[in-house]
>>> print(open('input_16.cif').read())   # mmCIF, N, CA and C atoms
data_structure
#
loop_
_atom_site.label_atom_id
_atom_site.label_comp_id
_atom_site.auth_asym_id
_atom_site.auth_seq_id
_atom_site.Cartn_x
_atom_site.Cartn_y
_atom_site.Cartn_z
N MET T 1 -12.64 18.73 30.01
CA MET T 1 -12.50 18.48 28.59
C MET T 1 -12.98 17.06 28.29
N ALA T 2 -13.81 16.93 27.27
CA ALA T 2 -14.32 15.62 26.88
C ALA T 2 -13.24 14.84 26.15
N LYS T 3 -13.28 13.55 26.31
CA LYS T 3 -12.31 12.69 25.62
C LYS T 3 -12.71 12.53 24.16
N PHE T 4 -11.71 12.37 23.33
CA PHE T 4 -11.93 12.13 21.91
C PHE T 4 -11.37 10.77 21.57
N LYS T 5 -12.22 9.90 21.12
CA LYS T 5 -11.81 8.53 20.80
C LYS T 5 -11.26 8.48 19.37
N VAL T 6 -10.04 7.99 19.26
CA VAL T 6 -9.42 7.83 17.94
C VAL T 6 -9.80 6.45 17.42
N GLU T 7 -10.51 6.45 16.33
CA GLU T 7 -10.92 5.19 15.72
C GLU T 7 -10.05 4.92 14.51
N LYS T 8 -9.65 3.68 14.35
CA LYS T 8 -8.81 3.29 13.22
C LYS T 8 -9.68 3.25 11.96
N ARG T 9 -9.20 3.93 10.92
CA ARG T 9 -9.93 3.98 9.66
C ARG T 9 -9.42 2.92 8.69
N ILE T 10 -10.35 2.41 7.94
CA ILE T 10 -10.05 1.45 6.87
C ILE T 10 -10.38 2.15 5.56
N GLY T 11 -9.48 2.05 4.60
CA GLY T 11 -9.72 2.67 3.29
C GLY T 11 -10.02 1.62 2.23
N ARG T 12 -11.07 1.86 1.47
CA ARG T 12 -11.40 1.01 0.32
C ARG T 12 -11.10 1.83 -0.92
N MET T 13 -9.98 1.51 -1.55
CA MET T 13 -9.54 2.26 -2.72
C MET T 13 -10.06 1.60 -3.99
N THR T 14 -10.56 2.44 -4.89
CA THR T 14 -10.98 1.97 -6.20
C THR T 14 -10.21 2.77 -7.25
N PHE T 15 -10.22 2.27 -8.46
CA PHE T 15 -9.36 2.85 -9.49
C PHE T 15 -10.14 3.14 -10.78
N GLU T 16 -11.40 3.59 -10.63
CA GLU T 16 -12.21 3.93 -11.79
C GLU T 16 -11.53 4.99 -12.63
N GLY T 17 -11.69 4.88 -13.94
CA GLY T 17 -11.11 5.86 -14.84
C GLY T 17 -9.64 5.64 -15.11
N THR T 18 -9.08 4.54 -14.62
CA THR T 18 -7.69 4.20 -14.89
C THR T 18 -7.65 2.86 -15.60
N SER T 19 -6.46 2.42 -15.96
CA SER T 19 -6.34 1.10 -16.59
C SER T 19 -6.58 -0.03 -15.58
N TYR T 20 -6.77 0.32 -14.30
CA TYR T 20 -7.05 -0.67 -13.26
C TYR T 20 -8.50 -0.60 -12.79
N ASP T 21 -9.38 -0.13 -13.68
CA ASP T 21 -10.80 -0.02 -13.36
C ASP T 21 -11.33 -1.38 -12.91
N GLY T 22 -12.00 -1.43 -11.77
CA GLY T 22 -12.52 -2.67 -11.22
C GLY T 22 -11.71 -3.18 -10.03
N LEU T 23 -10.49 -2.72 -9.91
CA LEU T 23 -9.64 -3.12 -8.79
C LEU T 23 -10.14 -2.45 -7.51
N GLU T 24 -10.21 -3.23 -6.45
CA GLU T 24 -10.52 -2.70 -5.12
C GLU T 24 -9.46 -3.20 -4.16
N VAL T 25 -8.96 -2.29 -3.34
CA VAL T 25 -7.93 -2.62 -2.35
C VAL T 25 -8.37 -2.04 -1.02
N VAL T 26 -8.31 -2.87 0.02
CA VAL T 26 -8.67 -2.43 1.36
C VAL T 26 -7.39 -2.36 2.19
N THR T 27 -7.18 -1.19 2.81
CA THR T 27 -5.96 -0.96 3.59
C THR T 27 -6.29 -0.31 4.93
N ASN T 28 -5.36 -0.44 5.85
CA ASN T 28 -5.42 0.33 7.09
C ASN T 28 -4.91 1.72 6.77
N LEU T 29 -5.68 2.74 7.10
CA LEU T 29 -5.25 4.11 6.85
C LEU T 29 -4.54 4.70 8.06
N ASP T 30 -4.86 4.23 9.22
CA ASP T 30 -4.29 4.80 10.44
C ASP T 30 -3.25 3.86 11.03
N ILE T 31 -2.01 4.13 10.68
CA ILE T 31 -0.89 3.41 11.29
C ILE T 31 -0.13 4.43 12.12
N SER T 32 0.71 3.95 12.98
CA SER T 32 1.46 4.89 13.81
C SER T 32 2.45 5.67 12.95
N PHE T 33 2.76 6.87 13.42
CA PHE T 33 3.75 7.69 12.74
C PHE T 33 5.09 6.97 12.71
N LYS T 34 5.41 6.26 13.79
CA LYS T 34 6.66 5.51 13.87
C LYS T 34 6.74 4.47 12.76
N LEU T 35 5.63 3.73 12.55
CA LEU T 35 5.61 2.72 11.50
C LEU T 35 5.73 3.36 10.12
N LEU T 36 5.04 4.46 9.90
CA LEU T 36 5.13 5.16 8.62
C LEU T 36 6.56 5.59 8.34
N MET T 37 7.22 6.17 9.34
CA MET T 37 8.60 6.62 9.16
C MET T 37 9.54 5.43 8.95
N GLU T 38 9.27 4.32 9.60
CA GLU T 38 10.10 3.13 9.42
C GLU T 38 9.96 2.59 8.00
N ILE T 39 8.74 2.54 7.49
CA ILE T 39 8.52 2.08 6.11
C ILE T 39 9.26 3.02 5.14
N GLN T 40 9.12 4.32 5.34
CA GLN T 40 9.79 5.27 4.44
C GLN T 40 11.31 5.17 4.55
N ARG T 41 11.82 5.01 5.78
CA ARG T 41 13.28 4.90 5.97
C ARG T 41 13.81 3.67 5.25
N LEU T 42 13.15 2.55 5.45
CA LEU T 42 13.60 1.31 4.81
C LEU T 42 13.46 1.38 3.30
N ALA T 43 12.36 1.97 2.83
CA ALA T 43 12.10 2.05 1.39
C ALA T 43 13.11 2.93 0.68
N SER T 44 13.65 3.93 1.37
CA SER T 44 14.59 4.84 0.72
C SER T 44 16.03 4.34 0.79
N SER T 45 16.24 3.18 1.38
CA SER T 45 17.57 2.59 1.48
C SER T 45 18.02 2.07 0.12
N GLU T 46 19.32 1.91 -0.03
CA GLU T 46 19.84 1.27 -1.24
C GLU T 46 20.10 -0.21 -1.01
N ASP T 47 19.85 -0.66 0.19
CA ASP T 47 20.03 -2.06 0.57
C ASP T 47 18.75 -2.83 0.26
N ASN T 48 18.84 -3.79 -0.66
CA ASN T 48 17.66 -4.54 -1.08
C ASN T 48 16.98 -5.27 0.07
N LYS T 49 17.74 -5.72 1.06
CA LYS T 49 17.14 -6.39 2.22
C LYS T 49 16.25 -5.43 3.00
N LYS T 50 16.69 -4.19 3.14
CA LYS T 50 15.88 -3.19 3.85
C LYS T 50 14.62 -2.85 3.05
N ILE T 51 14.75 -2.78 1.75
CA ILE T 51 13.60 -2.48 0.90
C ILE T 51 12.58 -3.62 0.99
N LEU T 52 13.06 -4.86 1.00
CA LEU T 52 12.15 -5.99 1.18
C LEU T 52 11.48 -5.94 2.55
N GLU T 53 12.23 -5.50 3.57
CA GLU T 53 11.66 -5.36 4.91
C GLU T 53 10.54 -4.30 4.90
N ALA T 54 10.74 -3.22 4.15
CA ALA T 54 9.71 -2.19 4.02
C ALA T 54 8.46 -2.77 3.37
N ASN T 55 8.66 -3.56 2.32
CA ASN T 55 7.54 -4.22 1.66
C ASN T 55 6.80 -5.14 2.62
N ASN T 56 7.56 -5.90 3.39
CA ASN T 56 6.95 -6.82 4.36
C ASN T 56 6.11 -6.05 5.37
N LEU T 57 6.64 -4.95 5.89
CA LEU T 57 5.89 -4.12 6.84
C LEU T 57 4.60 -3.61 6.21
N TRP T 58 4.70 -3.11 4.97
CA TRP T 58 3.51 -2.57 4.31
C TRP T 58 2.47 -3.67 4.11
N CYS T 59 2.92 -4.81 3.65
CA CYS T 59 1.97 -5.91 3.39
C CYS T 59 1.34 -6.46 4.67
N THR T 60 2.10 -6.51 5.76
CA THR T 60 1.56 -7.10 6.98
C THR T 60 0.80 -6.09 7.83
N GLU T 61 1.17 -4.82 7.81
CA GLU T 61 0.55 -3.82 8.68
C GLU T 61 -0.49 -2.95 7.98
N VAL T 62 -0.43 -2.86 6.66
CA VAL T 62 -1.31 -1.94 5.93
C VAL T 62 -2.31 -2.68 5.06
N LEU T 63 -1.83 -3.58 4.22
CA LEU T 63 -2.69 -4.28 3.26
C LEU T 63 -3.62 -5.24 3.98
N ARG T 64 -4.93 -5.11 3.71
CA ARG T 64 -5.93 -6.00 4.32
C ARG T 64 -6.48 -7.00 3.29
N SER T 65 -6.86 -6.51 2.13
CA SER T 65 -7.41 -7.40 1.11
C SER T 65 -7.45 -6.68 -0.24
N TRP T 66 -7.64 -7.47 -1.29
CA TRP T 66 -7.85 -6.93 -2.63
C TRP T 66 -8.57 -7.98 -3.46
N ASN T 67 -9.03 -7.59 -4.62
CA ASN T 67 -9.75 -8.52 -5.48
C ASN T 67 -8.93 -8.94 -6.70
N LEU T 68 -7.62 -9.02 -6.54
CA LEU T 68 -6.73 -9.39 -7.64
C LEU T 68 -6.75 -10.88 -7.91
N THR T 69 -6.76 -11.21 -9.19
CA THR T 69 -6.62 -12.60 -9.63
C THR T 69 -5.56 -12.65 -10.72
N ASP T 70 -5.01 -13.84 -10.94
CA ASP T 70 -4.04 -13.99 -12.02
C ASP T 70 -4.77 -14.28 -13.33
N GLU T 71 -4.02 -14.55 -14.39
CA GLU T 71 -4.62 -14.79 -15.71
C GLU T 71 -5.49 -16.04 -15.76
N ASN T 72 -5.35 -16.92 -14.76
CA ASN T 72 -6.18 -18.13 -14.68
C ASN T 72 -7.32 -17.98 -13.69
N ASP T 73 -7.63 -16.75 -13.30
CA ASP T 73 -8.69 -16.43 -12.34
C ASP T 73 -8.43 -16.99 -10.94
N LYS T 74 -7.19 -17.29 -10.63
CA LYS T 74 -6.82 -17.72 -9.29
C LYS T 74 -6.56 -16.48 -8.44
N ASP T 75 -7.16 -16.44 -7.25
CA ASP T 75 -6.95 -15.30 -6.36
C ASP T 75 -5.48 -15.12 -6.03
N ILE T 76 -5.03 -13.87 -6.06
CA ILE T 76 -3.67 -13.53 -5.61
C ILE T 76 -3.81 -13.10 -4.15
N PRO T 77 -3.14 -13.82 -3.25
CA PRO T 77 -3.30 -13.47 -1.83
C PRO T 77 -2.75 -12.08 -1.52
N ALA T 78 -3.43 -11.38 -0.62
CA ALA T 78 -3.00 -10.05 -0.19
C ALA T 78 -1.96 -10.22 0.91
N THR T 79 -0.82 -10.77 0.51
CA THR T 79 0.30 -11.04 1.41
C THR T 79 1.57 -10.52 0.76
N MET T 80 2.66 -10.54 1.50
CA MET T 80 3.94 -10.12 0.93
C MET T 80 4.30 -11.00 -0.27
N GLU T 81 4.11 -12.30 -0.11
CA GLU T 81 4.45 -13.21 -1.21
C GLU T 81 3.60 -12.92 -2.43
N GLY T 82 2.30 -12.75 -2.24
CA GLY T 82 1.41 -12.46 -3.36
C GLY T 82 1.78 -11.14 -4.03
N ALA T 83 2.04 -10.13 -3.19
CA ALA T 83 2.36 -8.81 -3.72
C ALA T 83 3.67 -8.81 -4.50
N LEU T 84 4.69 -9.44 -3.95
CA LEU T 84 6.01 -9.37 -4.57
C LEU T 84 6.24 -10.38 -5.68
N GLU T 85 5.52 -11.49 -5.63
CA GLU T 85 5.77 -12.55 -6.62
C GLU T 85 4.75 -12.58 -7.75
N GLU T 86 3.56 -12.03 -7.55
CA GLU T 86 2.52 -12.18 -8.55
C GLU T 86 1.97 -10.89 -9.12
N VAL T 87 2.13 -9.79 -8.43
CA VAL T 87 1.56 -8.51 -8.86
C VAL T 87 2.60 -7.74 -9.66
N PRO T 88 2.23 -7.23 -10.84
CA PRO T 88 3.18 -6.43 -11.61
C PRO T 88 3.68 -5.23 -10.79
N ALA T 89 4.95 -4.91 -10.94
CA ALA T 89 5.58 -3.85 -10.15
C ALA T 89 4.85 -2.52 -10.31
N GLN T 90 4.45 -2.17 -11.53
CA GLN T 90 3.77 -0.89 -11.75
C GLN T 90 2.45 -0.84 -10.99
N LEU T 91 1.69 -1.92 -10.99
CA LEU T 91 0.42 -1.95 -10.28
C LEU T 91 0.64 -1.81 -8.78
N LEU T 92 1.61 -2.52 -8.24
CA LEU T 92 1.89 -2.43 -6.81
C LEU T 92 2.33 -1.00 -6.44
N ALA T 93 3.10 -0.37 -7.30
CA ALA T 93 3.52 1.02 -7.06
C ALA T 93 2.31 1.95 -7.03
N VAL T 94 1.37 1.74 -7.92
CA VAL T 94 0.15 2.56 -7.96
C VAL T 94 -0.65 2.38 -6.67
N ILE T 95 -0.80 1.13 -6.22
CA ILE T 95 -1.54 0.84 -5.00
C ILE T 95 -0.88 1.51 -3.79
N ILE T 96 0.41 1.31 -3.64
CA ILE T 96 1.13 1.87 -2.50
C ILE T 96 1.11 3.40 -2.54
N SER T 97 1.27 3.96 -3.72
CA SER T 97 1.26 5.42 -3.85
C SER T 97 -0.10 6.01 -3.49
N LYS T 98 -1.15 5.37 -3.94
CA LYS T 98 -2.49 5.87 -3.62
C LYS T 98 -2.73 5.78 -2.11
N TRP T 99 -2.33 4.69 -1.49
CA TRP T 99 -2.46 4.55 -0.04
C TRP T 99 -1.67 5.65 0.67
N ALA T 100 -0.43 5.87 0.25
CA ALA T 100 0.43 6.85 0.91
C ALA T 100 -0.17 8.25 0.83
N GLU T 101 -0.77 8.57 -0.28
CA GLU T 101 -1.39 9.88 -0.42
C GLU T 101 -2.55 10.04 0.56
N HIS T 102 -3.29 8.98 0.81
CA HIS T 102 -4.42 9.06 1.74
C HIS T 102 -3.96 9.13 3.18
N VAL T 103 -2.81 8.56 3.48
CA VAL T 103 -2.28 8.64 4.84
C VAL T 103 -1.86 10.08 5.13
N VAL T 104 -1.25 10.73 4.15
CA VAL T 104 -0.78 12.10 4.32
C VAL T 104 -1.95 13.09 4.26
N GLU T 105 -2.94 12.82 3.41
CA GLU T 105 -4.11 13.69 3.26
C GLU T 105 -5.36 12.90 3.64
N PRO T 106 -5.65 12.78 4.92
CA PRO T 106 -6.74 11.92 5.36
C PRO T 106 -8.11 12.31 4.85
N GLU T 107 -8.31 13.54 4.41
CA GLU T 107 -9.61 13.94 3.91
C GLU T 107 -9.78 13.64 2.42
N ALA T 108 -8.76 13.06 1.79
CA ALA T 108 -8.81 12.78 0.35
C ALA T 108 -9.93 11.81 0.04
N ASN T 109 -10.51 11.97 -1.12
CA ASN T 109 -11.57 11.08 -1.58
C ASN T 109 -10.95 9.76 -2.02
N LEU T 110 -11.31 8.67 -1.39
CA LEU T 110 -10.70 7.38 -1.70
C LEU T 110 -11.18 6.80 -3.02
N GLU T 111 -12.10 7.45 -3.67
CA GLU T 111 -12.60 6.95 -4.95
C GLU T 111 -11.84 7.56 -6.13
N LYS T 112 -11.05 8.59 -5.89
CA LYS T 112 -10.35 9.29 -6.98
C LYS T 112 -8.98 8.68 -7.23
N PRO T 113 -8.56 8.50 -8.50
CA PRO T 113 -7.19 8.08 -8.79
C PRO T 113 -6.22 9.11 -8.23
N GLN T 114 -5.09 8.65 -7.74
CA GLN T 114 -4.12 9.53 -7.11
C GLN T 114 -2.79 9.49 -7.85
N ASN T 115 -1.99 10.53 -7.66
CA ASN T 115 -0.65 10.58 -8.24
C ASN T 115 0.31 9.71 -7.44
N ASP T 116 1.38 9.31 -8.08
CA ASP T 116 2.37 8.47 -7.42
C ASP T 116 3.22 9.29 -6.46
N ILE T 117 3.71 8.64 -5.41
CA ILE T 117 4.64 9.26 -4.47
C ILE T 117 5.95 8.52 -4.60
N ALA T 118 6.97 9.22 -5.03
CA ALA T 118 8.25 8.61 -5.40
C ALA T 118 8.89 7.81 -4.27
N THR T 119 8.81 8.28 -3.04
CA THR T 119 9.48 7.58 -1.94
C THR T 119 8.97 6.16 -1.80
N LEU T 120 7.66 5.99 -1.79
CA LEU T 120 7.13 4.65 -1.61
C LEU T 120 7.16 3.82 -2.89
N GLU T 121 7.27 4.46 -4.05
CA GLU T 121 7.45 3.69 -5.28
C GLU T 121 8.78 2.96 -5.24
N THR T 122 9.76 3.57 -4.61
CA THR T 122 11.07 2.94 -4.47
C THR T 122 10.93 1.59 -3.78
N LEU T 123 10.02 1.51 -2.83
CA LEU T 123 9.74 0.29 -2.09
C LEU T 123 9.44 -0.86 -3.06
N VAL T 124 8.68 -0.57 -4.08
CA VAL T 124 8.27 -1.60 -5.04
C VAL T 124 9.36 -1.86 -6.06
N SER T 125 9.87 -0.80 -6.68
CA SER T 125 10.79 -1.00 -7.79
C SER T 125 12.07 -1.72 -7.40
N HIS T 126 12.62 -1.41 -6.24
CA HIS T 126 13.84 -2.08 -5.81
C HIS T 126 13.59 -3.54 -5.42
N SER T 127 12.47 -3.80 -4.77
CA SER T 127 12.22 -5.18 -4.34
C SER T 127 11.86 -6.07 -5.51
N GLN T 128 11.26 -5.53 -6.56
CA GLN T 128 10.91 -6.32 -7.73
C GLN T 128 12.14 -6.67 -8.55
N SER T 129 13.24 -5.91 -8.37
CA SER T 129 14.45 -6.18 -9.14
C SER T 129 15.25 -7.33 -8.56
N ASN T 130 14.84 -7.87 -7.42
CA ASN T 130 15.56 -9.00 -6.80
C ASN T 130 15.27 -10.30 -7.49
#
>>> encode(input="input_16.cif", output="structure tokens")
Amino acid sequence: MAKFKVEKRIGRMTFEGTSYDGLEVVTNLDISFKLLMEIQRLASSEDNKKILEANNLWCTEVLRSWNLTDENDKDIPATMEGALEEVPAQLLAVIISKWAEHVVEPEANLEKPQNDIATLETLVSHSQSN
């Protein structure tokens, strides 16, 4: 039997046709199942510290880059601090939801707007309320 090499995929998500037209986000699409389950477990907690931990994992293990700037055209870093302190909660929920849909459906077209996934939206909404 020939070996099959698993290559890590990078996703470049765009948001044409939405109110976020022009936004580009680059993420890791292939994370371990263990990491995915850990993010979901932490995100579904009612403990704000665990939800922040889920955000930290997503930002450090999944998020690679984006072209976000603030109202003064200053780049918003693609880090946990940038995501949680400078990005509107609704936008971050859209980004995370679109990524989550591509992880579950790897053949999905990364150029199409995607529906939200409630489990990972919790990750954003609870951490933004701190």
>>> residues_around(input="input_16.cif", residues="region 1-8 of chain T", least_positions_apart="6", cutoff="8 Å", atoms="only C-alpha atoms", output="ChimeraX atom specification")
/T:28-30
>>> resolve_selection(input="input_16.cif", expression="the PyMOL selection byres ((chain T and resi 39) around 7)", output="number ranges by chain")
T: 34-38, 40-44, 53-55, 57-58
>>> closest_residue(input="input_16.cif", among="T:Pro88, T:Glu81, T:Val104, T:Trp99", to="Thr27 (chain T)", atoms="all atoms listed in the file")
T:Trp99
>>> atom_distance(input="input_16.cif", atom1="atom C of Glu61 (chain T)", atom2="atom N of Ile31 (chain T)")
7.7 Å
>>> atom_distance(input="input_16.cif", atom1="CA of Asn72 (chain T)", atom2="atom N of Ser19 (chain T)")
20.6 Å
>>> atom_distance(input="input_16.cif", atom1="atom C of Ser32 (chain T)", atom2="atom C of Glu101 (chain T)")
14.1 Å
>>> resolve_selection(input="input_16.cif", expression="the PyMOL selection byres (((chain T and resi 64 and name CA) around 6) and name CA)", output="list in words")
Val26, Thr27, Leu63 and Ser65 of chain T
>>> select_by_dssp(input="input_16.cif", residues="chain T", states="strand (DSSP E)", output="list in words")
Ile10, Gly11, Arg12, Met13, Thr14, Glu24, Val25, Val26, Thr27, Asn28, Leu63, Arg64, Ser65 and Trp66 of chain T
>>> closest_residue(input="input_16.cif", among="T:Leu68, T:Met13, T:Ala78, T:Val103", to="Val25 (chain T)", atoms="only N, CA and C atoms")
T:Met13
>>> axis_aligned_box(input="input_16.cif", around="region 97-102 of chain T", padding_each_side="4 Å", output="AutoDock Vina command-line options")
--center_x -1.6 --center_y 7.0 --center_z -0.4 --size_x 13.7 --size_y 14.1 --size_z 15.1
>>> residues_around(input="input_16.cif", residues="region 20-22 of chain T", least_positions_apart="6", cutoff="12 Å", atoms="only C-alpha atoms", output="ChimeraX atom specification")
/T:13-14,66-69,88,90-92,94-95,111-113
>>> select_by_dssp(input="input_16.cif", residues="chain T", states="alpha helix (DSSP H)", output="tab-separated table (two decimals) with N, CA and C atoms, in the coordinates of the input")
chain	number	residue	atom	x	y	z
T	33	PHE	N	2.76	6.87	13.42
T	33	PHE	CA	3.75	7.69	12.74
T	33	PHE	C	5.09	6.97	12.71
T	34	LYS	N	5.41	6.26	13.79
T	34	LYS	CA	6.66	5.51	13.87
T	34	LYS	C	6.74	4.47	12.76
T	35	LEU	N	5.63	3.73	12.55
T	35	LEU	CA	5.61	2.72	11.50
T	35	LEU	C	5.73	3.36	10.12
T	36	LEU	N	5.04	4.46	9.90
T	36	LEU	CA	5.13	5.16	8.62
T	36	LEU	C	6.56	5.59	8.34
T	37	MET	N	7.22	6.17	9.34
T	37	MET	CA	8.60	6.62	9.16
T	37	MET	C	9.54	5.43	8.95
T	38	GLU	N	9.27	4.32	9.60
T	38	GLU	CA	10.10	3.13	9.42
T	38	GLU	C	9.96	2.59	8.00
T	39	ILE	N	8.74	2.54	7.49
T	39	ILE	CA	8.52	2.08	6.11
T	39	ILE	C	9.26	3.02	5.14
T	40	GLN	N	9.12	4.32	5.34
T	40	GLN	CA	9.79	5.27	4.44
T	40	GLN	C	11.31	5.17	4.55
T	41	ARG	N	11.82	5.01	5.78
T	41	ARG	CA	13.28	4.90	5.97
T	41	ARG	C	13.81	3.67	5.25
T	42	LEU	N	13.15	2.55	5.45
T	42	LEU	CA	13.60	1.31	4.81
T	42	LEU	C	13.46	1.38	3.30
T	43	ALA	N	12.36	1.97	2.83
T	43	ALA	CA	12.10	2.05	1.39
T	43	ALA	C	13.11	2.93	0.68
T	48	ASN	N	18.84	-3.79	-0.66
T	48	ASN	CA	17.66	-4.54	-1.08
T	48	ASN	C	16.98	-5.27	0.07
T	49	LYS	N	17.74	-5.72	1.06
T	49	LYS	CA	17.14	-6.39	2.22
T	49	LYS	C	16.25	-5.43	3.00
T	50	LYS	N	16.69	-4.19	3.14
T	50	LYS	CA	15.88	-3.19	3.85
T	50	LYS	C	14.62	-2.85	3.05
T	51	ILE	N	14.75	-2.78	1.75
T	51	ILE	CA	13.60	-2.48	0.90
T	51	ILE	C	12.58	-3.62	0.99
T	52	LEU	N	13.06	-4.86	1.00
T	52	LEU	CA	12.15	-5.99	1.18
T	52	LEU	C	11.48	-5.94	2.55
T	53	GLU	N	12.23	-5.50	3.57
T	53	GLU	CA	11.66	-5.36	4.91
T	53	GLU	C	10.54	-4.30	4.90
T	54	ALA	N	10.74	-3.22	4.15
T	54	ALA	CA	9.71	-2.19	4.02
T	54	ALA	C	8.46	-2.77	3.37
T	55	ASN	N	8.66	-3.56	2.32
T	55	ASN	CA	7.54	-4.22	1.66
T	55	ASN	C	6.80	-5.14	2.62
T	56	ASN	N	7.56	-5.90	3.39
T	56	ASN	CA	6.95	-6.82	4.36
T	56	ASN	C	6.11	-6.05	5.37
T	57	LEU	N	6.64	-4.95	5.89
T	57	LEU	CA	5.89	-4.12	6.84
T	57	LEU	C	4.60	-3.61	6.21
T	58	TRP	N	4.70	-3.11	4.97
T	58	TRP	CA	3.51	-2.57	4.31
T	58	TRP	C	2.47	-3.67	4.11
T	59	CYS	N	2.92	-4.81	3.65
T	59	CYS	CA	1.97	-5.91	3.39
T	59	CYS	C	1.34	-6.46	4.67
T	60	THR	N	2.10	-6.51	5.76
T	60	THR	CA	1.56	-7.10	6.98
T	60	THR	C	0.80	-6.09	7.83
T	61	GLU	N	1.17	-4.82	7.81
T	61	GLU	CA	0.55	-3.82	8.68
T	61	GLU	C	-0.49	-2.95	7.98
T	80	MET	N	2.66	-10.54	1.50
T	80	MET	CA	3.94	-10.12	0.93
T	80	MET	C	4.30	-11.00	-0.27
T	81	GLU	N	4.11	-12.30	-0.11
T	81	GLU	CA	4.45	-13.21	-1.21
T	81	GLU	C	3.60	-12.92	-2.43
T	82	GLY	N	2.30	-12.75	-2.24
T	82	GLY	CA	1.41	-12.46	-3.36
T	82	GLY	C	1.78	-11.14	-4.03
T	83	ALA	N	2.04	-10.13	-3.19
T	83	ALA	CA	2.36	-8.81	-3.72
T	83	ALA	C	3.67	-8.81	-4.50
T	84	LEU	N	4.69	-9.44	-3.95
T	84	LEU	CA	6.01	-9.37	-4.57
T	84	LEU	C	6.24	-10.38	-5.68
T	85	GLU	N	5.52	-11.49	-5.63
T	85	GLU	CA	5.77	-12.55	-6.62
T	85	GLU	C	4.75	-12.58	-7.75
T	86	GLU	N	3.56	-12.03	-7.55
T	86	GLU	CA	2.52	-12.18	-8.55
T	86	GLU	C	1.97	-10.89	-9.12
T	89	ALA	N	4.95	-4.91	-10.94
T	89	ALA	CA	5.58	-3.85	-10.15
T	89	ALA	C	4.85	-2.52	-10.31
T	90	GLN	N	4.45	-2.17	-11.53
T	90	GLN	CA	3.77	-0.89	-11.75
T	90	GLN	C	2.45	-0.84	-10.99
T	91	LEU	N	1.69	-1.92	-10.99
T	91	LEU	CA	0.42	-1.95	-10.28
T	91	LEU	C	0.64	-1.81	-8.78
T	92	LEU	N	1.61	-2.52	-8.24
T	92	LEU	CA	1.89	-2.43	-6.81
T	92	LEU	C	2.33	-1.00	-6.44
T	93	ALA	N	3.10	-0.37	-7.30
T	93	ALA	CA	3.52	1.02	-7.06
T	93	ALA	C	2.31	1.95	-7.03
T	94	VAL	N	1.37	1.74	-7.92
T	94	VAL	CA	0.15	2.56	-7.96
T	94	VAL	C	-0.65	2.38	-6.67
T	95	ILE	N	-0.80	1.13	-6.22
T	95	ILE	CA	-1.54	0.84	-5.00
T	95	ILE	C	-0.88	1.51	-3.79
T	96	ILE	N	0.41	1.31	-3.64
T	96	ILE	CA	1.13	1.87	-2.50
T	96	ILE	C	1.11	3.40	-2.54
T	97	SER	N	1.27	3.96	-3.72
T	97	SER	CA	1.26	5.42	-3.85
T	97	SER	C	-0.10	6.01	-3.49
T	98	LYS	N	-1.15	5.37	-3.94
T	98	LYS	CA	-2.49	5.87	-3.62
T	98	LYS	C	-2.73	5.78	-2.11
T	99	TRP	N	-2.33	4.69	-1.49
T	99	TRP	CA	-2.46	4.55	-0.04
T	99	TRP	C	-1.67	5.65	0.67
T	100	ALA	N	-0.43	5.87	0.25
T	100	ALA	CA	0.43	6.85	0.91
T	100	ALA	C	-0.17	8.25	0.83
T	101	GLU	N	-0.77	8.57	-0.28
T	101	GLU	CA	-1.39	9.88	-0.42
T	101	GLU	C	-2.55	10.04	0.56
T	102	HIS	N	-3.29	8.98	0.81
T	102	HIS	CA	-4.42	9.06	1.74
T	102	HIS	C	-3.96	9.13	3.18
T	103	VAL	N	-2.81	8.56	3.48
T	103	VAL	CA	-2.28	8.64	4.84
T	103	VAL	C	-1.86	10.08	5.13
T	104	VAL	N	-1.25	10.73	4.15
T	104	VAL	CA	-0.78	12.10	4.32
T	104	VAL	C	-1.95	13.09	4.26
T	118	ALA	N	6.97	9.22	-5.03
T	118	ALA	CA	8.25	8.61	-5.40
T	118	ALA	C	8.89	7.81	-4.27
T	119	THR	N	8.81	8.28	-3.04
T	119	THR	CA	9.48	7.58	-1.94
T	119	THR	C	8.97	6.16	-1.80
T	120	LEU	N	7.66	5.99	-1.79
T	120	LEU	CA	7.13	4.65	-1.61
T	120	LEU	C	7.16	3.82	-2.89
T	121	GLU	N	7.27	4.46	-4.05
T	121	GLU	CA	7.45	3.69	-5.28
T	121	GLU	C	8.78	2.96	-5.24
T	122	THR	N	9.76	3.57	-4.61
T	122	THR	CA	11.07	2.94	-4.47
T	122	THR	C	10.93	1.59	-3.78
T	123	LEU	N	10.02	1.51	-2.83
T	123	LEU	CA	9.74	0.29	-2.09
T	123	LEU	C	9.44	-0.86	-3.06
T	124	VAL	N	8.68	-0.57	-4.08
T	124	VAL	CA	8.27	-1.60	-5.04
T	124	VAL	C	9.36	-1.86	-6.06
T	125	SER	N	9.87	-0.80	-6.68
T	125	SER	CA	10.79	-1.00	-7.79
T	125	SER	C	12.07	-1.72	-7.40
T	126	HIS	N	12.62	-1.41	-6.24
T	126	HIS	CA	13.84	-2.08	-5.81
T	126	HIS	C	13.59	-3.54	-5.42
T	127	SER	N	12.47	-3.80	-4.77
T	127	SER	CA	12.22	-5.18	-4.34
T	127	SER	C	11.86	-6.07	-5.51
T	128	GLN	N	11.26	-5.53	-6.56
T	128	GLN	CA	10.91	-6.32	-7.73
T	128	GLN	C	12.14	-6.67	-8.55
